[in-house]
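The structure appears right after this line, and notes come after that.
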Amino acid sequence: LYIDHQIVNYTGKQRMGISINGSIPGPILHFTEGDTAIIRVHNKLKREETSIHWHGLLLPNEEDGVPYVTTAPIKAGQTHTFMFPLKQSGTYWYHSHTMLQEQSGVYGSIVIHPAGWNKSESMKEHVVMLSDWTDESPHEVMRNLKRGNDWYAIKKNSVQSWGEAMVKGYLRDRAKTEWRRMPSMDISDVYYKRFLINGKPQEEYFDILPGDSIRLRIINGSSSSYQWIQYAGGKMKVVAADGLPVQPVEVDRILIGVAETYDVKVKFPENGMAYELRATAQDNSGSASLYFGDNMVMKARD
């Protein structure tokens, strides 16, 4: 994995991001349970150190990748080799634990197939990596949050006024949040210009045929956005959460928190339409879409 600065453009304006192997997100790392992972991380940044944490993996402490806690940081121009046995299967992800590099693009997905897995005999599957993007420097975002003002709420038109709180009977709650210096939307308190699926506002897969079933490995690699997942083709069957198999349950939508993963199975109706899988920010400030097929589109519900 080669970590380096890269100019990106998600909003019509060029901004400096940090990519892995020239892309945001970084590549999908495929393994099989029982393998030994050997991953060389090359820091191509000019002055900054970096790190990679293997989120959710069971591994020796010194391979965990959190700088100054479990693993030495990777200094500029240096390479670090990670080596660890893979004792589990499932959907996971990796990201930087250095400063705010994850917010600039240092993240990617991990797929570990169970021992004995045979691709030719298995259901089709795709990784769905969710993320958010702001043109602001992550450090500027942090400074704005520490000021405790309503700047991002104003940009999202979500400011809570004292008058509205009084009219609706929430004056005590409004005073309590003010005393605690909590913004009115403390869980959704950053304004993001774009929401992305696999690094794009709109992603498409064309290998799906009418009547197919497919496994989607959904990962929320957002900086701070919880997201609702909805599918236009019917219910989604949740079969795994955070890498672990679960008793399958069918749902209409899923609220996925930051760093969570869900494996879901969906079926495509026989009519050949292109069905939308939509990820919408919890505060409804934006969304990203994934379409299966290139025929007439069936939208997910608002």
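Residue numbering restarts at 1 in every chain; chains get A, B, ... in the order shown in the structure tokens, and ligands count up from 1 in that same order.
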
Contact table region 63-118 of chain A vs region 189-213 of chain A, cut-off 10 Å, shortest pair per residue, only C-alpha atoms, as CSV:
residue,atom,partner,partner_atom,distance
A:Gly105,CA,A:Gly199,CA,9.3
A:Gly108,CA,A:Asn198,CA,9.2
A:Ser109,CA,A:Asn198,CA,9.8

Take the selection from the previous step and output its residues with N, CA, C and O atoms, as a PDB file, in the first residue's frame.
ATOM      1  N   GLY A 105      -8.831  10.629   3.268  1.00  0.00           N
ATOM      2  CA  GLY A 105      -8.878   9.561   2.275  1.00  0.00           C
ATOM      3  C   GLY A 105      -8.142   8.288   2.600  1.00  0.00           C
ATOM      4  O   GLY A 105      -8.147   7.360   1.786  1.00  0.00           O
ATOM      5  N   GLY A 108      -9.785   1.958   3.486  1.00  0.00           N
ATOM      6  CA  GLY A 108     -10.113   0.969   2.469  1.00  0.00           C
ATOM      7  C   GLY A 108     -10.779  -0.229   3.117  1.00  0.00           C
ATOM      8  O   GLY A 108     -10.941  -0.293   4.339  1.00  0.00           O
ATOM      9  N   SER A 109     -11.155  -1.222   2.319  1.00  0.00           N
ATOM     10  CA  SER A 109     -11.945  -2.351   2.806  1.00  0.00           C
ATOM     11  C   SER A 109     -11.138  -3.643   2.818  1.00  0.00           C
ATOM     12  O   SER A 109     -10.173  -3.804   2.076  1.00  0.00           O
TER      13      SER A 109
END

**Study point:** Shell around Tyr231 (chain A) at 12 Å using only C-alpha atoms, local window under 6 positions removed, as a PyMOL selection string
**Key:** chain A and resi 216+237+250-254+264-268+274-280+289-292+298-302

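Proximity to His5 (chain A) was assessed for A:Val106, A:Leu171, A:Ile214, A:Val41 counting only C-alpha atoms; the smallest distance is recorded for A:Val106.
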
Tell me which protein, DNA and RNA residues are within 12 Å of region 140-144 of chain A, counting only C-alpha atoms, leaving out same-chain ones fewer than 4 positions away, and put them as a short mmCIF file (atom, residue, chain, number, x, y, z; two decimals) with C-alpha atoms, in the first residue's frame.
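After the write, around-v1.cif holds the following:
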data_model
loop_
_atom_site.label_atom_id
_atom_site.label_comp_id
_atom_site.auth_asym_id
_atom_site.auth_seq_id
_atom_site.Cartn_x
_atom_site.Cartn_y
_atom_site.Cartn_z
CA MET A 99 -3.96 12.88 13.07
CA LEU A 100 -6.93 13.42 10.67
CA GLN A 103 -10.84 12.16 6.84
CA SER A 104 -8.58 13.01 3.89
CA TRP A 133 -16.38 14.51 1.98
CA THR A 134 -15.81 18.17 2.80
CA ASP A 135 -13.64 20.59 0.84
CA GLU A 136 -12.49 22.07 4.14
CA GLY A 148 -18.98 25.46 19.62
CA ASN A 149 -20.82 27.74 17.19
CA ASP A 150 -23.69 27.02 14.78
CA TRP A 151 -21.68 27.53 11.57
CA TYR A 152 -22.34 24.04 10.15
CA ALA A 153 -25.94 24.03 11.39
CA PRO A 183 -24.51 21.97 19.11
CA ASP A 189 -22.64 18.46 13.43
CA VAL A 190 -20.44 18.74 10.32
CA TYR A 191 -21.59 19.99 6.93
CA TYR A 192 -20.42 17.63 4.15
CA SER A 223 -15.67 10.66 9.09
CA SER A 224 -18.74 11.29 11.25
#

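Considering only C-alpha atoms, the residue among A:Gly26, A:Ala37, A:Thr32, A:Asp242 positioned nearest to Asn118 (chain A) is A:Thr32.
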